[in-house]
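See below for data-v7.cif, which holds mmCIF, C-alpha atoms and all ligand atoms.
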data_target
#
loop_
_atom_site.group_PDB
_atom_site.id
_atom_site.type_symbol
_atom_site.label_atom_id
_atom_site.label_comp_id
_atom_site.auth_asym_id
_atom_site.auth_seq_id
_atom_site.Cartn_x
_atom_site.Cartn_y
_atom_site.Cartn_z
ATOM 1 C CA MET A 221 32.562 23.023 41.229
ATOM 2 C CA LEU A 222 31.313 26.312 39.882
ATOM 3 C CA GLY A 223 31.027 26.717 36.130
ATOM 4 C CA LEU A 224 33.287 29.594 35.212
ATOM 5 C CA LEU A 225 31.051 30.918 32.446
ATOM 6 C CA ASP A 226 28.083 31.576 34.678
ATOM 7 C CA ALA A 227 30.069 32.426 37.797
ATOM 8 C CA THR A 228 29.879 35.928 39.218
ATOM 9 C CA PRO A 229 33.188 37.830 39.457
ATOM 10 C CA GLU A 230 33.515 37.022 43.135
ATOM 11 C CA GLU A 231 32.960 33.333 42.414
ATOM 12 C CA ARG A 232 35.604 33.396 39.716
ATOM 13 C CA ASP A 233 38.071 34.774 42.226
ATOM 14 C CA TYR A 234 37.642 31.551 44.108
ATOM 15 C CA SER A 235 38.050 29.219 41.126
ATOM 16 C CA VAL A 236 41.561 28.581 42.436
ATOM 17 C CA ILE A 237 40.019 26.273 45.019
ATOM 18 C CA GLY A 238 39.654 23.675 42.289
ATOM 19 C CA SER A 239 43.392 23.085 42.494
ATOM 20 C CA PHE A 240 43.371 22.352 46.212
ATOM 21 C CA THR A 241 44.181 18.860 47.320
ATOM 22 C CA ALA A 242 42.513 17.150 50.232
ATOM 23 C CA GLN A 243 45.727 17.531 52.199
ATOM 24 C CA ASN A 244 46.201 21.295 51.950
ATOM 25 C CA ALA A 245 42.499 21.988 52.378
ATOM 26 C CA LYS A 246 42.111 19.854 55.476
ATOM 27 C CA GLY A 247 39.893 21.597 57.996
ATOM 28 C CA ASN A 248 39.004 24.407 55.586
ATOM 29 C CA CYS A 249 35.749 24.567 53.680
ATOM 30 C CA VAL A 250 36.375 24.775 49.933
ATOM 31 C CA TYR A 251 32.663 25.192 49.117
ATOM 32 C CA CYS A 252 32.465 21.938 47.147
ATOM 33 C CA ASN A 253 29.124 20.799 48.610
ATOM 34 C CA HIS A 254 30.212 17.176 48.718
ATOM 35 C CA CYS A 255 28.537 17.130 52.112
ATOM 36 C CA GLN A 256 25.065 17.423 50.599
ATOM 37 C CA PRO A 257 22.248 16.715 51.019
ATOM 38 C CA CYS A 258 21.547 18.788 54.098
ATOM 39 C CA PRO A 259 18.174 17.767 55.601
ATOM 40 C CA MET A 260 17.419 21.450 56.175
ATOM 41 C CA CYS A 261 18.328 22.295 52.547
ATOM 42 C CA ILE A 262 21.160 24.576 53.643
ATOM 43 C CA ASP A 263 23.582 25.407 50.844
ATOM 44 C CA VAL A 264 26.610 24.645 52.994
ATOM 45 C CA GLY A 265 29.209 25.608 50.411
ATOM 46 C CA MET A 266 27.570 28.913 49.510
ATOM 47 C CA ILE A 267 27.056 29.957 53.121
ATOM 48 C CA ASN A 268 30.676 29.187 53.932
ATOM 49 C CA LYS A 269 31.847 31.164 50.926
ATOM 50 C CA TYR A 270 29.784 34.222 51.856
ATOM 51 C CA TYR A 271 31.130 33.991 55.383
ATOM 52 C CA ASP A 272 34.760 33.861 54.299
ATOM 53 C CA LEU A 273 34.232 36.725 51.864
ATOM 54 C CA ALA A 274 32.461 38.779 54.551
ATOM 55 C CA LEU A 275 35.345 38.185 56.944
ATOM 56 C CA ALA A 276 37.661 39.451 54.208
ATOM 57 C CA GLY A 277 35.623 42.672 54.093
ATOM 58 C CA ASP A 278 33.335 41.959 51.148
ATOM 59 C CA GLU A 279 30.152 43.930 51.859
ATOM 60 C CA MET A 280 28.360 42.395 48.875
ATOM 61 C CA ALA A 281 28.835 38.949 50.339
ATOM 62 C CA LYS A 282 27.084 40.081 53.518
ATOM 63 C CA GLY A 283 24.170 41.285 51.429
ATOM 64 C CA HIS A 284 24.055 38.034 49.494
ATOM 65 C CA TYR A 285 23.973 36.060 52.718
ATOM 66 C CA HIS A 286 21.091 38.056 54.154
ATOM 67 C CA LYS A 287 19.084 37.444 50.979
ATOM 68 C CA LEU A 288 19.380 33.660 51.279
ATOM 69 C CA ASN A 289 16.052 31.987 51.975
ATOM 70 C CA ILE A 290 17.751 29.405 54.187
ATOM 71 C CA GLN A 291 20.517 30.665 56.425
ATOM 72 C CA ALA A 292 22.838 29.135 58.996
ATOM 73 C CA ASP A 293 20.243 29.461 61.756
ATOM 74 C CA ALA A 294 18.319 26.605 60.112
ATOM 75 C CA CYS A 295 21.102 24.188 61.043
ATOM 76 C CA MET A 296 19.875 21.571 63.501
ATOM 77 C CA SER A 297 23.381 20.242 64.165
ATOM 78 C CA CYS A 298 22.590 16.810 62.745
ATOM 79 C CA GLY A 299 26.218 16.332 61.702
ATOM 80 C CA HIS A 300 25.487 14.890 58.254
ATOM 81 C CA CYS A 301 27.676 17.443 56.483
ATOM 82 C CA GLU A 302 30.485 17.052 58.978
ATOM 83 C CA SER A 303 30.559 13.270 58.638
ATOM 84 C CA HIS A 304 30.551 13.477 54.822
ATOM 85 C CA CYS A 305 33.078 16.276 54.350
ATOM 86 C CA PRO A 306 36.227 14.970 52.617
ATOM 87 C CA PHE A 307 38.193 17.853 54.162
ATOM 88 C CA HIS A 308 37.160 17.128 57.755
ATOM 89 C CA VAL A 309 35.632 20.545 58.285
ATOM 90 C CA LYS A 310 33.989 20.930 61.698
ATOM 91 C CA GLN A 311 30.873 22.206 60.025
ATOM 92 C CA VAL A 312 28.434 21.921 62.929
ATOM 93 C CA SER A 313 30.381 24.423 65.017
ATOM 94 C CA ARG A 314 31.125 26.481 61.930
ATOM 95 C CA MET A 315 27.417 26.841 61.108
ATOM 96 C CA HIS A 316 26.864 28.086 64.649
ATOM 97 C CA GLU A 317 29.770 30.513 64.266
ATOM 98 C CA ILE A 318 28.440 31.749 60.919
ATOM 99 C CA ASN A 319 24.979 32.284 62.360
ATOM 100 C CA GLN A 320 26.359 34.286 65.286
ATOM 101 C CA TYR A 321 28.491 36.385 62.967
ATOM 102 C CA PHE A 322 25.667 37.358 60.616
ATOM 103 C CA LEU A 323 23.256 38.006 63.486
ATOM 104 C CA LYS A 324 25.658 40.718 64.633
ATOM 105 C CA GLN A 325 25.907 42.076 61.074
ATOM 106 C CA ALA A 326 22.150 42.329 60.552
HETATM 107 S S1 LIG B 1 31.888 21.340 54.513
HETATM 108 FE FE1 LIG B 1 33.298 20.054 53.360
HETATM 109 S S2 LIG B 1 32.038 18.976 51.826
HETATM 110 FE FE2 LIG B 1 30.846 20.695 52.634
HETATM 111 S S3 LIG B 1 31.192 22.401 51.194
HETATM 112 FE FE3 LIG B 1 32.713 22.593 52.852
HETATM 113 S S4 LIG B 1 34.525 21.483 52.144
HETATM 114 FE FE4 LIG B 1 32.821 20.833 50.855
HETATM 115 S S1 LIG B 2 24.756 19.885 60.548
HETATM 116 FE FE1 LIG B 2 23.438 21.602 59.851
HETATM 117 S S2 LIG B 2 24.271 22.228 57.866
HETATM 118 FE FE2 LIG B 2 25.101 20.176 58.327
HETATM 119 S S3 LIG B 2 23.691 18.747 57.314
HETATM 120 FE FE3 LIG B 2 22.987 18.987 59.443
HETATM 121 S S4 LIG B 2 21.463 20.657 59.379
HETATM 122 FE FE4 LIG B 2 22.639 20.741 57.450
#
The structure in this file should be written as structure tokens.
Amino acid sequence: MLGLLDATPEERDYSVIGSFTAQNAKGNCVYCNHCQPCPMCIDVGMINKYYDLALAGDEMAKGHYHKLNIQADACMSCGHCESHCPFHVKQVSRMHEINQYFLKQA
């Protein structure tokens, strides 16, 4: 989980996710990165967070995403993250969705 002291303001807004239980987070990415390691070195949690923030209208999050060295298009759909996610997030399809979204935003 993010350290609050070195978290950016937008990250701090999401510190509430630490109180989620597996039950109420089921199917939703909570950016915990328990699905690591990704063989393509994708920061799954960070990419999901930028996506959710962008969908909520956060323009800075879009900028942050586009500055990432490794983006959702690097996903090779191996399924490692999906099979290791404690919240049963369908991450393979979500990575595809995220890639399509940010391609349109570029
Ligand atoms: S896909 Fe699952 S394990 Fe990976 S960051 Fe999201 S909630 Fe955590
Ligand atoms: S499905 Fe994509 S994001 Fe998930 S571990 Fe494999 S390459 Fe990484």
Throw together the list of residues within 10 Å of ligand LIG 1 (chain B), counting only C-alpha atoms and all ligand atoms, and drop it here as number ranges by chain.
-> A: 221, 242, 245-258, 263-269, 300-312, 314-315
Minimum-distance residue to ligand LIG 2 (chain B), chosen among A:Asp272, A:Asp278, A:Glu317, A:Asp293 (using all atoms listed in the file) |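 The answer is A:Asp293, which sits nearest to ligand LIG 2 (chain B).
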Taking all atoms of segment 304-315 of chain A that appear in the file, build a box with edges along x, y and z, extend it by 5 Å on every side, and state its centre and edge lengths in Å to one decimal, as AutoDock Vina command-line options.
--center_x 32.8 --center_y 20.2 --center_z 58.8 --size_x 20.8 --size_y 23.4 --size_z 22.4
Would you work out the distance separating atom CA of Lys282 of chain A from atom CA of Pro259 of chain A, expressed in Å to one decimal?
->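 Straight-line distance from atom CA of Lys282 of chain A to atom CA of Pro259 of chain A works out to 24.1 Å.
A straight line drawn from atom CA of Asn319 of chain A to atom CA of Leu273 of chain A is 14.7 Å long.
The space separating atom S2 of ligand LIG 2 (chain B) from atom CA of Cys295 of chain A comes to 4.9 Å.
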From the list A:Cys298, A:Ala274, A:Ile318, A:Leu323, which residue is nearest ligand LIG 2 (chain B) when using all atoms listed in the file?
-> A:Cys298
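Each of A:Gly299, A:Cys261, A:Lys324, A:Tyr271 was compared to His284 of chain A using only C-alpha atoms, and A:Tyr271 turns out to be the nearest.
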Counting all atoms listed in the file, the residue of A:Ile290, A:Ala326, A:Met280, A:Met296 that sits nearest ligand LIG 2 (chain B) |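 The closest residue to ligand LIG 2 (chain B) is A:Met296.
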With only C-alpha atoms and all ligand atoms as the basis for distance, which of A:Gln320, A:Ser313, A:Ser297, A:Asn289 is at the shortest distance from ligand LIG 2 (chain B)?
-> A:Ser297
